[in-house]
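Student: Quick one: this structure, given as structure tokens, is what I'll be asking you about.
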Amino acid sequence: MDAPNDEFFPLLETLETPADLRSLPATSLPEVADELRRFLIRTVSTRGGHFAAGLGTVELTVALHYVFETPHDRLVWDVGHQAYPHKVLTGRRRQLHTIKQDGGLAPFPARAESEYDTFGVGHSSTSISAALGMAVAAAQRGEQRRVVAVIGDGALTAGMAFEALNHAGSLPANVLIVLNDNDMSISENVGALSNYLARVLSGRTYAHFRERGKQVLRQMPTARELARRSEEHLKGMVLPGTLFEEMGFNYIGPIDGHDLKALVSTLRNLRQLDGPQFLHVVTRKGKGYAPAEADPIKWHGPGPFDPVSGTIFKEKSSGPTYSQVFGQWLCDMAAADPAVVGITPAMREGSGMVEYSKRFPDRYFDVAIAEQHAVTFAAGLAVEGLKPVVAIYSTFLQRAYDQLIHDVCLQNLPVVFAVDRAGLVGSDGATHQGGYDLSFLRCIPNLVIMAPADEDECRQMLYTASTLGAPAAVRFPRGTGPGVAIREQMTALPLGRAQLRREGRSGLAILVFGTLLDAAHGIAERLDATLVNMRFVKPLDEAMVLGLAERHHALVTIEENAVAGGAGSAVGELLAADGMTLPILHVGIPDRFIEHGTRGSCLAHAGLDPASLAARVEDWWLPQALADRQRGAAAAS
């Protein structure tokens, strides 16, 4: 039995590919959708995973694979939160329980996993650009295929999506954009009338008259403009599609995304039309599971849960997460200073800002999935004397790199960046592993970069960042720290000063940037090595580094960041510039993408778990220590 608890899914278990689905009569599709939804509820409950968005796209996924000849026709999912039903229908039903687990299915669509995953995703708002590229490529090769992009779950709020829409509407490419609207802001438009209009406006008869009318009216400019305005007025009265029509799309909808008959009929019509098409589908996030419908945010990505009672099993925690430490700090700062403003690009829950948003609603700004705007918006606030704090995941900050350089750092504006999910995050996989921020931040002038070793240091560094009057980033990992007591009192750290944690006598010094300090402590004890909590990546404590190099035979740098261009590279650059040469080992994330799993397994794959760290350092150092002793003995004799 494929599903947990021996529940039987008679139709679903006969579907190994979408071709099997297409062999069924249309009257069987509602039963397929019902089984698929129950299968998702039962399977995700055992392991956790992205949940509510997928429940909302069950009927849409069934209809898309039923109408389009996938994988010949290309289906591109945006973000991937909504793609669990797609994975089930494309031959991965038996593996769904392994999703996000070490060695299991990828958390998002991944090209290496299936030919049906036509484009790898994980971050939002890429689907339209990718689908347009595929459609243009098909046209240039003379291939008869259709390309569909499914965008939703907030992804249409990002500027990149509108850049792609603007381009797509100007081309004759056969591309269909499906907007999965699960915000329910236009739910009153969904029903028999809207479905009827969608079927009519997507039909060949309407399309034929529309195109023939355009050809005739091209010879009559005044009449053409009157007809265009009349058509826009008619559509504008009953359909919110004028914007997309102006961008060059034939807009259809809104249509009930849970009405399979209407979906199949409309998609069949649209499949016959040439040029850019836009279908607006309204769905309900969490559809079919009452707790998820009532609170889709809570059920966006739950852990394991009891499907009957709706109780989510909480993981035992030894203390607050770094995100919670940040959230408490932000509340404390905002209570003390009315100039403090908090900003997030749609990550309120993940970034620990729920309490802040409730206590300080007038100084809380969720800018939606718009990281570029978040950074420049913060720059504008800073120009006018406010004190903006941008809570942003490490991999999301990548998407706003130009704004960080030009709009914040070039103007030396006092914006604090709380860089969450730095380092290896675990189950969300390669798209979300924050392994590059130290490398891409370190080269930017005017920016102070800090890496706390524990929870209290995180709080103190955030406070330090707020006092600098300059751009500053504090990067911290997902999850909990080593359990250090957090002081309520906040004290600014001396800028660019490291902390000597242990003075050793072996001739080896270990320099740690960030939360791997706890794991490095045991290594230092065993090897009688000097241990330093570097704290600041930029400005680097040059006096500390040069002093260590003078009185030690070798150095090891450790960071939860890519070795290439990371904090350890800064140490090497300093020594080279000073003309000092000594053996140095840089330990960090290797030059490859680390896939999904638990945070612990990801650390192990990168060689950064305690056992791997110890083996790496000892295997490198002990032969050198032996050689040093032999040279010393030879010199003495």
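Starting from 1 in every chain, residues are counted up; chains themselves are A, B, ... following the order of the structure tokens, and ligands are numbered from 1 as listed.
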Residues within 12 Å of Asp332 in chain A, please, as a PDB file with N, CA, C and O atoms, in the first residue's frame. Count only C-alpha atoms; anything in the same chain fewer than 3 positions from it doesn't count.
Tutor:
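Writing done, so here's part-v4.pdb:
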```pdb
ATOM      1  N   VAL A 325      14.861  35.103  18.787  1.00  0.00           N
ATOM      2  CA  VAL A 325      15.768  36.060  19.426  1.00  0.00           C
ATOM      3  C   VAL A 325      15.708  37.396  18.694  1.00  0.00           C
ATOM      4  O   VAL A 325      15.624  38.463  19.314  1.00  0.00           O
ATOM      5  N   PHE A 326      15.728  37.330  17.371  1.00  0.00           N
ATOM      6  CA  PHE A 326      15.615  38.558  16.582  1.00  0.00           C
ATOM      7  C   PHE A 326      14.285  39.253  16.833  1.00  0.00           C
ATOM      8  O   PHE A 326      14.224  40.472  17.024  1.00  0.00           O
ATOM      9  N   GLY A 327      13.178  38.481  16.807  1.00  0.00           N
ATOM     10  CA  GLY A 327      11.863  39.082  17.008  1.00  0.00           C
ATOM     11  C   GLY A 327      11.735  39.786  18.343  1.00  0.00           C
ATOM     12  O   GLY A 327      11.158  40.878  18.434  1.00  0.00           O
ATOM     13  N   GLN A 328      12.273  39.181  19.409  1.00  0.00           N
ATOM     14  CA  GLN A 328      12.227  39.817  20.718  1.00  0.00           C
ATOM     15  C   GLN A 328      13.077  41.082  20.748  1.00  0.00           C
ATOM     16  O   GLN A 328      12.684  42.106  21.313  1.00  0.00           O
ATOM     17  N   TRP A 329      14.257  41.010  20.130  1.00  0.00           N
ATOM     18  CA  TRP A 329      15.115  42.200  20.059  1.00  0.00           C
ATOM     19  C   TRP A 329      14.417  43.338  19.334  1.00  0.00           C
ATOM     20  O   TRP A 329      14.455  44.489  19.773  1.00  0.00           O
ATOM     21  N   ALA A 335      10.073  49.388  21.208  1.00  0.00           N
ATOM     22  CA  ALA A 335       9.471  49.958  22.415  1.00  0.00           C
ATOM     23  C   ALA A 335      10.289  51.126  22.950  1.00  0.00           C
ATOM     24  O   ALA A 335       9.740  52.072  23.522  1.00  0.00           O
ATOM     25  N   ALA A 336      11.598  51.073  22.753  1.00  0.00           N
ATOM     26  CA  ALA A 336      12.480  52.113  23.262  1.00  0.00           C
ATOM     27  C   ALA A 336      12.693  53.257  22.288  1.00  0.00           C
ATOM     28  O   ALA A 336      13.079  54.361  22.690  1.00  0.00           O
ATOM     29  N   ASP A 337      12.465  53.020  20.998  1.00  0.00           N
ATOM     30  CA  ASP A 337      12.794  54.025  19.989  1.00  0.00           C
ATOM     31  C   ASP A 337      11.714  54.062  18.923  1.00  0.00           C
ATOM     32  O   ASP A 337      11.583  53.130  18.132  1.00  0.00           O
ATOM     33  N   PRO A 338      10.933  55.152  18.844  1.00  0.00           N
ATOM     34  CA  PRO A 338       9.842  55.235  17.862  1.00  0.00           C
ATOM     35  C   PRO A 338      10.319  55.328  16.414  1.00  0.00           C
ATOM     36  O   PRO A 338       9.513  55.235  15.495  1.00  0.00           O
ATOM     37  N   VAL A 340      12.347  53.147  15.027  1.00  0.00           N
ATOM     38  CA  VAL A 340      12.623  51.805  14.522  1.00  0.00           C
ATOM     39  C   VAL A 340      11.438  51.303  13.694  1.00  0.00           C
ATOM     40  O   VAL A 340      10.290  51.376  14.130  1.00  0.00           O
ATOM     41  N   GLU A 355       4.806  38.822  16.764  1.00  0.00           N
ATOM     42  CA  GLU A 355       4.534  39.669  17.932  1.00  0.00           C
ATOM     43  C   GLU A 355       4.804  41.134  17.611  1.00  0.00           C
ATOM     44  O   GLU A 355       4.039  42.024  18.010  1.00  0.00           O
ATOM     45  N   TYR A 356       5.861  41.398  16.896  1.00  0.00           N
ATOM     46  CA  TYR A 356       6.174  42.784  16.518  1.00  0.00           C
ATOM     47  C   TYR A 356       5.047  43.371  15.666  1.00  0.00           C
ATOM     48  O   TYR A 356       4.635  44.520  15.873  1.00  0.00           O
ATOM     49  N   ARG A 359       2.191  44.327  17.995  1.00  0.00           N
ATOM     50  CA  ARG A 359       2.459  45.419  18.935  1.00  0.00           C
ATOM     51  C   ARG A 359       2.738  46.749  18.246  1.00  0.00           C
ATOM     52  O   ARG A 359       2.421  47.815  18.787  1.00  0.00           O
ATOM     53  N   PHE A 360       3.309  46.685  17.047  1.00  0.00           N
ATOM     54  CA  PHE A 360       3.693  47.913  16.356  1.00  0.00           C
ATOM     55  C   PHE A 360       3.200  47.885  14.904  1.00  0.00           C
ATOM     56  O   PHE A 360       4.001  47.950  13.968  1.00  0.00           O
ATOM     57  N   ARG A 459      21.767  38.756  19.874  1.00  0.00           N
ATOM     58  CA  ARG A 459      21.039  39.930  20.374  1.00  0.00           C
ATOM     59  C   ARG A 459      21.968  41.135  20.497  1.00  0.00           C
ATOM     60  O   ARG A 459      21.626  42.252  20.080  1.00  0.00           O
ATOM     61  N   LEU A 462      22.866  42.495  17.003  1.00  0.00           N
ATOM     62  CA  LEU A 462      21.775  43.261  16.400  1.00  0.00           C
ATOM     63  C   LEU A 462      21.738  44.666  16.993  1.00  0.00           C
ATOM     64  O   LEU A 462      21.555  45.661  16.271  1.00  0.00           O
ATOM     65  N   TYR A 463      21.933  44.752  18.300  1.00  0.00           N
ATOM     66  CA  TYR A 463      21.967  46.063  18.939  1.00  0.00           C
ATOM     67  C   TYR A 463      23.172  46.864  18.446  1.00  0.00           C
ATOM     68  O   TYR A 463      23.058  48.060  18.146  1.00  0.00           O
ATOM     69  N   GLU A 488      19.019  40.505  28.993  1.00  0.00           N
ATOM     70  CA  GLU A 488      18.077  41.539  28.575  1.00  0.00           C
ATOM     71  C   GLU A 488      18.813  42.835  28.256  1.00  0.00           C
ATOM     72  O   GLU A 488      18.469  43.553  27.315  1.00  0.00           O
ATOM     73  N   GLN A 489      19.816  43.143  29.059  1.00  0.00           N
ATOM     74  CA  GLN A 489      20.617  44.336  28.826  1.00  0.00           C
ATOM     75  C   GLN A 489      21.371  44.213  27.503  1.00  0.00           C
ATOM     76  O   GLN A 489      21.959  43.168  27.203  1.00  0.00           O
ATOM     77  N   MET A 490      21.362  45.277  26.707  1.00  0.00           N
ATOM     78  CA  MET A 490      22.050  45.267  25.423  1.00  0.00           C
ATOM     79  C   MET A 490      23.275  46.167  25.477  1.00  0.00           C
ATOM     80  O   MET A 490      23.198  47.308  25.942  1.00  0.00           O
TER      81      MET A 490
END
```
Student: Go through range 401-491 of chain A and collect every residue that DSSP, computed from the backbone, puts in strand (DSSP E); the answer should be as a ChimeraX atom specification.
Tutor: /A:416-420,448-450,472-475
Student: Which of these, A:Thr98, A:Ser28, A:Asn180, A:Ser506, has the shortest distance to Ala625 in chain A once you count only C-alpha atoms?
Tutor: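 Closest to Ala625 in chain A of all the choices is A:Ser506.
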Student: Using only C-alpha atoms, which protein or nucleic acid residues come within 12 Å of Pro452 in chain A? Drop anything in the same chain fewer than 2 positions from it, and give the result as JSON, numbers by chain.
Tutor: {"A": [322, 325, 326, 418, 419, 420, 422, 449, 450, 454, 455, 456, 457, 458, 459, 460, 461, 462, 464, 473, 474, 475, 476, 477, 481, 482, 484, 493, 498, 499, 512, 513, 514, 515, 516, 517, 518, 533, 534, 535, 536, 537, 559, 560]}
Student: Taking the chain letters and numbering used in this document, name the residues of range 366-438 of chain A that DSSP puts in alpha helix (DSSP H), as a list in words.
Tutor: Glu371, Gln372, His373, Ala374, Val375, Thr376, Phe377, Ala378, Ala379, Gly380, Leu381, Ala382, Val383, Ser394, Thr395, Phe396, Leu397, Tyr401, Asp402, Gln403, Asp437 and Leu438 of chain A
Student: At a cut-off of 9 Å, using only C-alpha atoms, what residues contact Glu618 in chain A? Leave out same-chain residues fewer than 5 positions from it and give the result as an MDAnalysis selection string.
Tutor: chainID A and resid 523 527 613 623
Student: Put those residues in a file: N, CA, C and O atoms, as a compact mmCIF listing (two decimals), in the first residue's frame.
Tutor:
```txt
# COMPACT_ATOMS: atom_id res chain seq x y z
N ILE A 523 37.32 20.41 19.57
CA ILE A 523 38.53 20.17 18.78
C ILE A 523 39.73 20.90 19.39
O ILE A 523 40.83 20.34 19.51
N LEU A 527 43.22 19.18 20.80
CA LEU A 527 44.49 19.48 20.14
C LEU A 527 45.31 20.53 20.89
O LEU A 527 46.39 20.91 20.43
N LEU A 613 34.12 17.79 11.22
CA LEU A 613 35.02 18.92 11.51
C LEU A 613 36.27 18.43 12.23
O LEU A 613 37.40 18.81 11.86
N PRO A 623 49.74 15.58 11.09
CA PRO A 623 51.00 15.36 10.36
C PRO A 623 51.92 16.57 10.40
O PRO A 623 53.15 16.42 10.47
```
Student: Applying 10 Å and only C-alpha atoms, which residues near Leu468 in chain A remain after dropping the ones on its own chain fewer than 3 positions away? List them as a VMD selection string.
Tutor: chain A and resid 414 to 416 448 463 to 465 471 to 472 492 495
Student: Those same residues, written as a PDB file, in the first residue's frame with N, CA and C atoms?
Tutor:
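Writing done, so here's selection32.pdb:
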```pdb
ATOM      1  N   PRO A 414      22.029  53.938   7.121  1.00  0.00           N
ATOM      2  CA  PRO A 414      21.965  53.061   8.299  1.00  0.00           C
ATOM      3  C   PRO A 414      20.790  52.097   8.269  1.00  0.00           C
ATOM      4  N   VAL A 415      20.910  51.061   7.463  1.00  0.00           N
ATOM      5  CA  VAL A 415      19.903  49.998   7.392  1.00  0.00           C
ATOM      6  C   VAL A 415      20.487  48.757   8.038  1.00  0.00           C
ATOM      7  N   VAL A 416      19.728  48.140   8.943  1.00  0.00           N
ATOM      8  CA  VAL A 416      20.144  46.902   9.591  1.00  0.00           C
ATOM      9  C   VAL A 416      19.514  45.729   8.859  1.00  0.00           C
ATOM     10  N   VAL A 448      29.145  46.625   7.421  1.00  0.00           N
ATOM     11  CA  VAL A 448      29.655  45.866   8.559  1.00  0.00           C
ATOM     12  C   VAL A 448      28.947  44.515   8.589  1.00  0.00           C
ATOM     13  N   TYR A 463      21.933  44.752  18.300  1.00  0.00           N
ATOM     14  CA  TYR A 463      21.967  46.063  18.939  1.00  0.00           C
ATOM     15  C   TYR A 463      23.172  46.864  18.446  1.00  0.00           C
ATOM     16  N   THR A 464      24.308  46.198  18.331  1.00  0.00           N
ATOM     17  CA  THR A 464      25.504  46.866  17.825  1.00  0.00           C
ATOM     18  C   THR A 464      25.247  47.436  16.440  1.00  0.00           C
ATOM     19  N   ALA A 465      24.616  46.650  15.586  1.00  0.00           N
ATOM     20  CA  ALA A 465      24.312  47.102  14.229  1.00  0.00           C
ATOM     21  C   ALA A 465      23.460  48.357  14.241  1.00  0.00           C
ATOM     22  N   PRO A 471      25.378  50.928   7.131  1.00  0.00           N
ATOM     23  CA  PRO A 471      24.789  49.629   6.787  1.00  0.00           C
ATOM     24  C   PRO A 471      25.453  48.504   7.581  1.00  0.00           C
ATOM     25  N   ALA A 472      24.635  47.581   8.061  1.00  0.00           N
ATOM     26  CA  ALA A 472      25.178  46.473   8.858  1.00  0.00           C
ATOM     27  C   ALA A 472      24.315  45.239   8.658  1.00  0.00           C
ATOM     28  N   ALA A 492      26.718  47.402  23.086  1.00  0.00           N
ATOM     29  CA  ALA A 492      27.367  47.400  21.779  1.00  0.00           C
ATOM     30  C   ALA A 492      28.757  46.783  21.886  1.00  0.00           C
ATOM     31  N   LEU A 495      33.727  47.556  17.710  1.00  0.00           N
ATOM     32  CA  LEU A 495      33.680  47.298  16.274  1.00  0.00           C
ATOM     33  C   LEU A 495      34.943  46.581  15.804  1.00  0.00           C
TER      34      LEU A 495
END
```
Student: Counting only C-alpha atoms, which of A:Val147, A:Ile297, A:Ala634, A:Val282 gets nearest to Gly257 in chain A?
Tutor: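 Looking at the shortest contact to Gly257 in chain A, the residue is A:Val282.
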Student: In terms of the shortest atom-to-atom distance over only C-alpha atoms, which of A:Gln82, A:Ser129, A:Thr598, A:Gln398 is closest to Pro109 in chain A?
Tutor: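 Nearest candidate to Pro109 in chain A out of A:Gln82, A:Ser129, A:Thr598, A:Gln398: A:Gln82.
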Student: With a distance cut-off of 10 Å and only C-alpha atoms, select the neighbouring residues of Leu55 in chain A, excluding the residue or stretch itself and same-chain residues fewer than 5 positions from it, and output the selection as number ranges by chain.
Tutor: A: 33, 36-38, 40-41, 50, 82-85, 283-289, 292-293
Student: List as a list in words the protein and nucleic acid residues near range 151-167 of chain A, meaning an atom at most 6 Å away when only C-alpha atoms are counted, but skip any in the same chain fewer than 3 places from it.
Tutor: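 Counting only C-alpha atoms, the residues come to Asp78, Ser124, Ser125, Ile128, Ser129, Ser170, Leu179, Asn180, Asp181, Met247, Ile369 and Ala370 of chain A.
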Student: What is the CA of Ala173 in chain A to CA of Ala135 in chain A distance in Å?
Tutor: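 Computing it gives 5.8 Å between the two atoms.
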